[in-house]
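What's in run29.cif: mmCIF, C-alpha atoms
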data_run
#
loop_
_atom_site.label_atom_id
_atom_site.label_comp_id
_atom_site.auth_asym_id
_atom_site.auth_seq_id
_atom_site.Cartn_x
_atom_site.Cartn_y
_atom_site.Cartn_z
CA MET A 291 102.88 109.11 95.94
CA VAL A 292 99.26 108.18 96.58
CA PRO A 293 98.95 106.26 99.86
CA THR A 294 97.50 102.76 99.73
CA LEU A 295 94.98 103.80 102.38
CA LYS A 296 93.76 107.27 103.26
CA ILE A 297 91.13 107.73 105.97
CA THR A 298 89.73 111.21 106.48
CA ASP A 299 87.53 112.22 109.46
CA LEU A 300 86.03 108.72 109.64
CA ARG A 301 83.00 108.37 111.92
CA LYS A 302 80.66 105.58 112.93
CA SER A 303 77.79 106.00 115.37
CA TYR A 304 75.32 103.54 116.81
CA GLY A 305 72.56 105.80 117.98
CA ALA A 306 74.14 108.28 120.40
CA PHE A 307 77.28 106.16 120.86
CA LYS A 308 80.28 107.25 118.77
CA ALA A 309 82.33 104.12 118.10
CA VAL A 310 84.65 105.95 115.69
CA ASP A 311 84.89 109.68 116.21
CA GLY A 312 86.88 111.49 113.52
CA ILE A 313 89.81 109.19 112.72
CA SER A 314 92.25 110.28 109.99
CA LEU A 315 95.17 108.06 108.90
CA ASN A 316 97.44 107.54 105.89
CA VAL A 317 99.12 104.19 105.20
CA LYS A 318 101.75 104.01 102.50
CA LYS A 319 102.41 101.02 100.26
CA GLY A 320 104.25 98.24 102.06
CA GLU A 321 103.62 99.66 105.53
CA PHE A 322 102.49 97.58 108.50
CA LEU A 323 100.22 99.69 110.71
CA THR A 324 98.69 98.36 113.92
CA LEU A 325 95.55 99.73 115.56
CA LEU A 326 96.01 99.32 119.30
CA GLY A 327 93.90 100.41 122.24
CA PRO A 328 91.73 99.28 125.14
CA SER A 329 88.48 97.36 124.66
CA GLY A 330 85.82 99.55 123.10
CA CYS A 331 88.28 102.08 121.65
CA GLY A 332 87.05 101.63 118.05
CA LYS A 333 89.89 99.61 116.53
CA THR A 334 87.80 96.67 115.30
CA THR A 335 85.03 98.96 114.06
CA THR A 336 87.62 100.97 112.12
CA LEU A 337 88.93 97.77 110.51
CA ARG A 338 85.40 96.69 109.59
CA LEU A 339 84.75 100.10 108.03
CA ILE A 340 87.92 99.81 105.93
CA GLY A 341 86.94 96.32 104.79
CA GLY A 342 83.38 97.29 103.94
CA ILE A 343 81.77 95.05 106.55
CA GLU A 344 80.31 98.19 108.19
CA LYS A 345 79.20 101.45 106.55
CA ALA A 346 80.63 104.73 107.79
CA THR A 347 78.34 107.40 109.25
CA ALA A 348 80.64 110.11 107.86
CA GLY A 349 84.14 110.61 106.48
CA THR A 350 85.95 109.02 103.56
CA ILE A 351 87.97 105.85 102.95
CA GLU A 352 90.28 105.86 99.91
CA ILE A 353 92.21 102.84 98.68
CA ASN A 354 94.83 103.60 96.04
CA GLY A 355 93.31 107.05 95.63
CA LYS A 356 89.76 105.80 95.03
CA ASN A 357 86.86 106.54 97.36
CA VAL A 358 85.43 103.17 98.37
CA ASN A 359 82.79 104.29 100.87
CA TRP A 360 79.93 102.79 98.92
CA LEU A 361 81.70 99.78 97.46
CA PRO A 362 80.86 96.33 98.87
CA SER A 363 83.68 94.48 100.62
CA TYR A 364 84.45 92.18 97.66
CA LYS A 365 85.19 95.17 95.43
CA ARG A 366 87.55 96.99 97.78
CA ALA A 367 90.91 95.33 96.98
CA THR A 368 91.13 94.16 100.58
CA ALA A 369 91.28 90.74 102.22
CA THR A 370 90.73 89.96 105.89
CA VAL A 371 92.36 87.38 108.16
CA PHE A 372 89.86 86.81 110.97
CA GLN A 373 90.41 85.78 114.57
CA SER A 374 88.89 82.36 113.95
CA GLY A 375 90.48 81.86 110.55
CA ALA A 376 86.95 81.43 109.11
CA LEU A 377 87.96 78.50 106.92
CA PHE A 378 85.23 76.45 105.28
CA PRO A 379 85.24 73.15 107.20
CA HIS A 380 83.89 71.11 104.26
CA MET A 381 86.64 72.29 101.89
CA THR A 382 90.23 71.12 101.64
CA VAL A 383 93.10 73.52 102.14
CA SER A 384 93.48 73.88 98.38
CA GLU A 385 89.78 74.60 97.94
CA ASN A 386 89.79 77.13 100.79
CA VAL A 387 92.78 78.99 99.39
CA SER A 388 91.41 79.02 95.84
CA TYR A 389 87.96 80.26 96.90
CA GLY A 390 88.76 83.94 96.52
CA LEU A 391 90.39 83.38 93.14
CA ARG A 392 87.28 81.61 91.87
CA MET A 393 85.04 84.40 93.19
CA HIS A 394 87.22 86.96 91.38
CA GLY A 395 86.88 85.06 88.10
CA VAL A 396 90.53 84.04 87.78
CA ALA A 397 91.11 81.59 84.94
CA ARG A 398 91.04 77.94 86.02
CA ALA A 399 94.48 77.29 84.52
CA GLU A 400 95.97 80.05 86.68
CA ILE A 401 94.36 79.03 89.98
CA GLY A 402 96.32 75.82 90.61
CA PRO A 403 99.79 77.35 90.21
CA ARG A 404 98.87 80.38 92.33
CA VAL A 405 97.53 78.19 95.14
CA GLU A 406 100.60 75.97 95.03
CA ARG A 407 102.90 79.01 95.09
CA ILE A 408 101.20 80.70 98.06
CA LEU A 409 101.17 77.46 100.07
CA GLN A 410 104.92 77.27 99.54
CA VAL A 411 105.26 80.87 100.72
CA VAL A 412 103.47 80.12 104.02
CA ARG A 413 105.30 76.77 104.28
CA MET A 414 102.16 74.65 104.05
CA SER A 415 102.66 73.03 100.64
CA GLY A 416 102.18 69.51 101.99
CA PHE A 417 98.70 70.29 103.34
CA ALA A 418 96.77 70.95 100.11
CA ASN A 419 94.44 67.97 100.48
CA ARG A 420 93.82 68.21 104.22
CA TYR A 421 90.73 69.60 105.89
CA PRO A 422 90.76 72.32 108.58
CA SER A 423 89.77 69.81 111.25
CA ASP A 424 93.00 67.90 110.59
CA MET A 425 95.24 70.86 111.49
CA SER A 426 96.34 72.80 114.56
CA GLY A 427 95.14 76.33 115.27
CA GLY A 428 98.42 77.81 114.06
CA GLN A 429 98.28 75.81 110.82
CA ARG A 430 94.71 76.93 110.17
CA GLN A 431 95.74 80.57 110.61
CA ARG A 432 98.55 80.09 108.11
CA ILE A 433 96.01 78.77 105.62
CA ALA A 434 93.73 81.74 106.36
CA LEU A 435 96.70 84.02 105.68
CA ALA A 436 97.43 82.20 102.41
CA ARG A 437 93.78 82.55 101.35
CA ALA A 438 93.93 86.30 101.97
CA MET A 439 97.29 86.80 100.25
CA VAL A 440 96.62 84.68 97.15
CA ILE A 441 94.21 87.24 95.66
CA GLU A 442 97.01 89.84 95.91
CA PRO A 443 94.94 92.54 97.66
CA SER A 444 96.14 96.12 97.96
CA LEU A 445 95.47 95.92 101.68
CA LEU A 446 95.60 92.99 104.11
CA LEU A 447 93.39 93.40 107.18
CA PHE A 448 94.16 91.38 110.32
CA ASP A 449 91.39 91.11 112.91
CA GLU A 450 93.20 89.80 116.02
CA PRO A 451 94.37 86.67 114.15
CA MET A 452 96.40 85.30 117.07
CA SER A 453 94.12 85.93 120.03
CA ALA A 454 92.79 82.35 120.15
CA LEU A 455 96.24 80.70 120.00
CA ASP A 456 98.37 79.55 122.90
CA LEU A 457 101.64 81.40 123.53
CA LYS A 458 103.91 79.02 121.59
CA LEU A 459 101.71 79.07 118.49
CA LYS A 460 101.26 82.81 118.82
CA LEU A 461 105.01 83.41 118.79
CA GLU A 462 105.45 81.10 115.79
CA LEU A 463 102.72 82.81 113.76
CA ARG A 464 104.02 86.24 114.72
CA ALA A 465 107.45 85.32 113.40
CA GLU A 466 105.82 83.97 110.23
CA ILE A 467 103.86 87.16 109.58
CA ARG A 468 106.99 89.22 110.18
CA ARG A 469 108.93 87.06 107.69
CA LEU A 470 106.22 87.30 105.05
CA HIS A 471 105.96 91.05 105.40
CA ARG A 472 109.73 91.38 105.06
CA GLU A 473 109.87 89.13 101.98
CA ILE A 474 106.69 90.20 100.17
CA GLY A 475 106.14 93.74 101.44
CA PHE A 476 102.35 93.65 101.64
CA THR A 477 100.44 96.60 103.10
CA ALA A 478 98.68 95.70 106.34
CA ILE A 479 96.29 97.02 108.96
CA PHE A 480 96.58 94.86 112.06
CA VAL A 481 94.18 95.00 115.00
CA THR A 482 95.26 93.57 118.34
CA HIS A 483 94.97 94.09 122.08
CA ASP A 484 98.37 92.43 122.57
CA GLN A 485 101.04 95.11 122.93
CA SER A 486 103.92 92.70 122.29
CA GLU A 487 102.40 91.82 118.91
CA ALA A 488 102.05 95.50 118.04
CA MET A 489 105.61 96.31 119.09
CA SER A 490 107.09 93.32 117.28
CA LEU A 491 105.27 93.56 113.96
CA SER A 492 104.56 97.21 113.29
CA ASP A 493 106.26 99.92 111.29
CA ARG A 494 103.87 102.32 113.02
CA ILE A 495 101.23 102.00 115.73
CA ALA A 496 98.06 104.07 116.00
CA ILE A 497 96.87 104.24 119.60
CA LEU A 498 93.09 104.66 119.76
CA ASN A 499 91.04 105.86 122.70
CA LYS A 500 87.29 106.51 122.77
CA GLY A 501 87.07 106.36 118.98
CA ARG A 502 89.89 108.83 118.38
CA VAL A 503 93.58 108.64 117.52
CA ALA A 504 95.64 109.40 120.62
CA GLN A 505 99.05 109.02 118.95
CA VAL A 506 100.64 107.58 115.80
CA GLY A 507 104.30 106.67 115.68
CA SER A 508 106.90 103.93 115.54
CA PRO A 509 106.94 101.44 118.42
CA ILE A 510 109.98 103.19 119.89
CA GLU A 511 108.35 106.62 119.62
CA ILE A 512 105.14 105.40 121.22
CA PHE A 513 106.98 103.83 124.15
CA GLN A 514 109.70 106.42 124.73
CA GLN A 515 107.84 109.59 123.76
CA PRO A 516 104.16 109.11 124.71
CA ALA A 517 102.03 112.07 123.60
CA SER A 518 99.78 112.03 126.65
CA GLU A 519 99.21 110.57 130.08
CA PHE A 520 96.77 108.09 128.57
CA VAL A 521 99.37 106.74 126.13
CA TYR A 522 102.03 106.52 128.85
CA GLY A 523 99.71 104.60 131.14
CA PHE A 524 98.40 102.33 128.40
CA ILE A 525 101.66 101.29 126.76
CA GLY A 526 103.87 98.95 128.71
CA GLU A 527 103.95 98.67 132.48
CA SER A 528 104.05 101.78 134.61
CA CYS A 529 103.59 103.02 138.15
CA HIS A 530 102.68 106.47 139.36
CA LEU A 531 102.84 108.53 142.51
CA VAL A 532 100.78 111.64 143.26
CA VAL A 533 103.18 114.37 144.39
CA ASN A 534 103.13 118.06 145.26
CA PRO A 535 105.57 120.45 146.98
CA GLN A 536 104.21 119.59 150.44
CA ILE A 537 104.63 115.84 149.93
CA ALA A 538 108.06 116.38 148.35
CA ALA A 539 109.13 118.22 151.52
CA GLY A 540 108.38 115.16 153.65
CA ASP A 541 111.01 112.73 154.86
CA PHE A 542 109.64 109.68 152.96
CA LEU A 543 110.09 111.20 149.47
CA ARG A 544 112.97 112.94 147.78
CA LEU A 545 112.62 114.58 144.35
CA SER A 546 115.52 116.35 142.68
CA THR A 547 113.07 118.39 140.59
CA LEU A 548 109.36 119.17 140.53
CA PRO A 549 107.83 120.91 137.49
CA GLY A 550 105.88 123.47 139.52
CA ASN A 551 103.85 124.21 142.62
CA ALA A 552 100.80 122.17 141.61
CA ALA A 553 99.98 118.50 142.14
CA TYR A 554 101.41 116.04 139.64
CA ARG A 555 101.24 112.39 138.79
CA LEU A 556 104.80 111.12 138.59
CA TYR A 557 105.04 108.19 136.16
CA LEU A 558 107.84 105.63 136.20
CA ARG A 559 108.61 102.43 134.30
CA PRO A 560 109.27 99.52 136.69
CA THR A 561 112.39 98.67 134.66
CA HIS A 562 113.84 102.03 135.69
CA LEU A 563 113.32 101.47 139.42
CA LYS A 564 115.83 99.96 141.80
CA VAL A 565 116.01 99.10 145.44
CA ALA A 566 118.16 101.76 147.08
CA GLU A 567 120.48 100.15 149.64
CA LYS A 568 121.91 103.54 150.47
CA ILE A 569 120.36 106.86 149.50
CA VAL A 570 122.54 107.60 146.47
CA CYS A 571 119.75 108.06 143.88
CA ASP A 572 118.58 111.43 142.56
CA ASN A 573 115.11 110.50 143.75
CA TYR A 574 113.68 107.99 146.18
CA VAL A 575 110.55 107.04 148.06
CA ARG A 576 110.27 105.02 151.26
CA GLY A 577 107.49 102.51 151.69
CA ILE A 578 106.42 99.14 153.02
CA VAL A 579 106.48 95.84 151.12
CA GLU A 580 102.88 94.70 150.54
CA THR A 581 103.53 91.41 148.79
CA THR A 582 105.98 89.59 146.54
CA GLU A 583 105.28 87.34 143.58
CA TYR A 584 107.34 85.21 141.22
CA ILE A 585 106.63 86.13 137.58
CA GLY A 586 109.10 83.83 135.83
CA GLY A 587 112.68 85.00 135.75
CA ALA A 588 112.09 87.73 138.33
CA HIS A 589 110.44 88.44 141.65
CA ARG A 590 108.01 91.37 141.67
CA ILE A 591 107.93 93.43 144.87
CA HIS A 592 104.77 95.46 145.46
CA VAL A 593 105.37 98.52 147.60
CA ASP A 594 102.89 100.82 149.36
CA THR A 595 104.01 104.42 149.96
CA PRO A 596 102.17 107.52 151.26
CA ALA A 597 102.21 108.87 147.67
CA GLY A 598 100.90 105.72 145.97
CA LYS A 599 101.86 102.17 145.07
CA LEU A 600 104.89 100.97 143.08
CA PHE A 601 106.29 97.66 141.99
CA VAL A 602 109.85 96.73 141.16
CA ASP A 603 111.30 93.53 139.67
CA LEU A 604 114.31 91.84 141.27
CA TYR A 605 116.30 89.22 139.38
CA GLU A 606 117.72 87.60 142.47
CA THR A 607 115.89 85.95 145.34
CA PRO A 608 114.44 88.82 147.38
CA ARG A 609 115.17 89.13 151.08
CA PHE A 610 112.09 91.29 151.57
CA THR A 611 108.87 89.97 153.07
CA PRO A 612 105.52 91.69 153.55
CA GLY A 613 105.75 94.41 156.16
CA ASN A 614 109.44 95.15 155.62
CA PRO A 615 110.49 98.77 155.02
CA ILE A 616 112.01 99.41 151.59
CA THR A 617 113.41 102.36 149.66
CA ILE A 618 112.90 102.62 145.88
CA GLY A 619 115.09 104.95 143.81
CA TRP A 620 115.21 106.23 140.22
CA SER A 621 117.00 108.68 137.95
CA SER A 622 115.45 112.08 137.16
CA ALA A 623 115.77 111.31 133.43
CA ASP A 624 113.38 108.35 133.85
CA ALA A 625 110.56 110.36 135.48
CA THR A 626 107.60 111.81 133.58
CA TYR A 627 105.19 114.30 135.20
CA TYR A 628 101.57 115.04 134.29
CA ALA A 629 99.58 117.75 136.04
CA VAL A 630 96.61 116.55 138.08
CA GLN A 631 93.53 118.08 136.48
#

Translate this structure into structure tokens?
Amino acid sequence: MVPTLKITDLRKSYGAFKAVDGISLNVKKGEFLTLLGPSGCGKTTTLRLIGGIEKATAGTIEINGKNVNWLPSYKRATATVFQSGALFPHMTVSENVSYGLRMHGVARAEIGPRVERILQVVRMSGFANRYPSDMSGGQRQRIALARAMVIEPSLLLFDEPMSALDLKLKLELRAEIRRLHREIGFTAIFVTHDQSEAMSLSDRIAILNKGRVAQVGSPIEIFQQPASEFVYGFIGESCHLVVNPQIAAGDFLRLSTLPGNAAYRLYLRPTHLKVAEKIVCDNYVRGIVETTEYIGGAHRIHVDTPAGKLFVDLYETPRFTPGNPITIGWSSADATYYAVQ
């Protein structure tokens, strides 16, 4: 089956700077793929290249098997939901949603029913005659989503559509997008810097770094089986210690295994750490409490050790104060080692 989107060796340079440096991706029909990475990794530029807002320096973009490199954005069978919503302030909701249909030459008799139907889908049917200024940020984004979906594009492009919303509205819109994808099955490319959005919404996530794909996989694969040290450190929360056989032989650190005789960065998820009352763990490190902080539902204990810094979350009121000695333990199965280059 021909993928809805096929990107091959896509590149975009601005002078000597390579914003996108050889990205290749396939997205099948009905799939929800998120582009995720640190600032400047190329995710937004990649989205703009797919949508025709930017022109590629090299490589090919195919939508439904057709090379669209030289097609303008309005001929690419894509629609974009922008961060700001980008609604026309002088138009009503109905006029905003119908704009794309009018631009595509849809018959006047067909426009009204299609607008009414899509407003029902996004649960905004009572807002047809309102203006954007009369609505909340979350409502405006729902209208922006309706405007994109009503033209029935092959590919929906999301450019950080929730980044300007407060947490409550963000969670509501995220649930709404998830529901719509489940019910309608649209194909989507979603750009975000919010890892919880990526994990919650995506069938697959493409992690980008320095204009290249670092890993593509399901949210579970990305989190549990990171392909590199970069991916491990970028996804979720993590701590690391720098260890070698000499340090491991000291009395402040115990390691049940060490991959070799070189120096390694030992990565751990804070959720896998525990305060060791008695030394019964496979592995442990002794340190000093630097500080504690309440993060809502848990107390985070920051620990300084001779091999590096750690933090662990306690779900009861901690009895530790800065300066106290503490021992942190973990299971060997929860440790990941990367050689120090």

Q) So which residues touch region 348-358 of chain A within 9 Å, counting only C-alpha atoms, skipping near sequence neighbours fewer than 5 positions away, as a ChimeraX atom specification? A) /A:292-302,312-314,339-340,342,365-368,444-445

Q.
Expand the PyMOL selection byres ((chain A and resi 574-577) around 6) into the explicit residue set it covers here, and present it as number ranges by chain.
A. A: 542-544, 573, 578, 594-595, 615-619

Q.
Please enumerate the residues selected by the PyMOL selection byres ((chain A and resi 335) around 12) when evaluated against the supplied file, formatted as a count of residues only.
A. 35

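Using all atoms listed in the file, the smallest distance between any of A:Ala517, A:Ala566, A:Met439, A:Gly390 and Val411 (chain A) comes from A:Met439.
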
Q. Once the PyMOL selection byres ((chain A and resi 588-593) around 6) has been applied to the shown file, what residues remain in the selection, as a ChimeraX atom specification?
A. /A:578-587,594,599-605

If you keep C-alpha atoms, can you produce a file of those selected residues as a PDB file, keeping the file's coordinate frame?
ATOM      1  CA  ILE A 578     106.420  99.140 153.020  1.00  0.00           C
ATOM      2  CA  VAL A 579     106.480  95.840 151.120  1.00  0.00           C
ATOM      3  CA  GLU A 580     102.880  94.700 150.540  1.00  0.00           C
ATOM      4  CA  THR A 581     103.530  91.410 148.790  1.00  0.00           C
ATOM      5  CA  THR A 582     105.980  89.590 146.540  1.00  0.00           C
ATOM      6  CA  GLU A 583     105.280  87.340 143.580  1.00  0.00           C
ATOM      7  CA  TYR A 584     107.340  85.210 141.220  1.00  0.00           C
ATOM      8  CA  ILE A 585     106.630  86.130 137.580  1.00  0.00           C
ATOM      9  CA  GLY A 586     109.100  83.830 135.830  1.00  0.00           C
ATOM     10  CA  GLY A 587     112.680  85.000 135.750  1.00  0.00           C
ATOM     11  CA  ASP A 594     102.890 100.820 149.360  1.00  0.00           C
ATOM     12  CA  LYS A 599     101.860 102.170 145.070  1.00  0.00           C
ATOM     13  CA  LEU A 600     104.890 100.970 143.080  1.00  0.00           C
ATOM     14  CA  PHE A 601     106.290  97.660 141.990  1.00  0.00           C
ATOM     15  CA  VAL A 602     109.850  96.730 141.160  1.00  0.00           C
ATOM     16  CA  ASP A 603     111.300  93.530 139.670  1.00  0.00           C
ATOM     17  CA  LEU A 604     114.310  91.840 141.270  1.00  0.00           C
ATOM     18  CA  TYR A 605     116.300  89.220 139.380  1.00  0.00           C
TER      19      TYR A 605
END

Mind checking which residues fall within 9 Å of Val532 (chain A), counting only C-alpha atoms, ignoring those fewer than 3 positions away in the same chain, and posting them as an mmCIF file with C-alpha atoms, in the frame of the given file?
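Final file, out-v6.cif:
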data_model
loop_
_atom_site.group_PDB
_atom_site.id
_atom_site.type_symbol
_atom_site.label_atom_id
_atom_site.label_comp_id
_atom_site.auth_asym_id
_atom_site.auth_seq_id
_atom_site.Cartn_x
_atom_site.Cartn_y
_atom_site.Cartn_z
ATOM 1 C CA ILE A 537 104.630 115.840 149.930
ATOM 2 C CA ALA A 553 99.980 118.500 142.140
ATOM 3 C CA TYR A 554 101.410 116.040 139.640
ATOM 4 C CA ARG A 555 101.240 112.390 138.790
ATOM 5 C CA LEU A 556 104.800 111.120 138.590
ATOM 6 C CA TYR A 557 105.040 108.190 136.160
ATOM 7 C CA ALA A 597 102.210 108.870 147.670
ATOM 8 C CA GLY A 598 100.900 105.720 145.970
ATOM 9 C CA VAL A 630 96.610 116.550 138.080
#

Q) So, counting all atoms listed in the file, which residue among A:Phe513, A:Arg494, A:His562, A:Phe322 is closest to Arg472 (chain A)? A) A:Phe322

Q: Tell me, in Å to one decimal, how far CA of Thr547 (chain A) is from CA of Val521 (chain A).
A: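 Going from CA of Thr547 (chain A) over to CA of Val521 (chain A) covers 23.1 Å.
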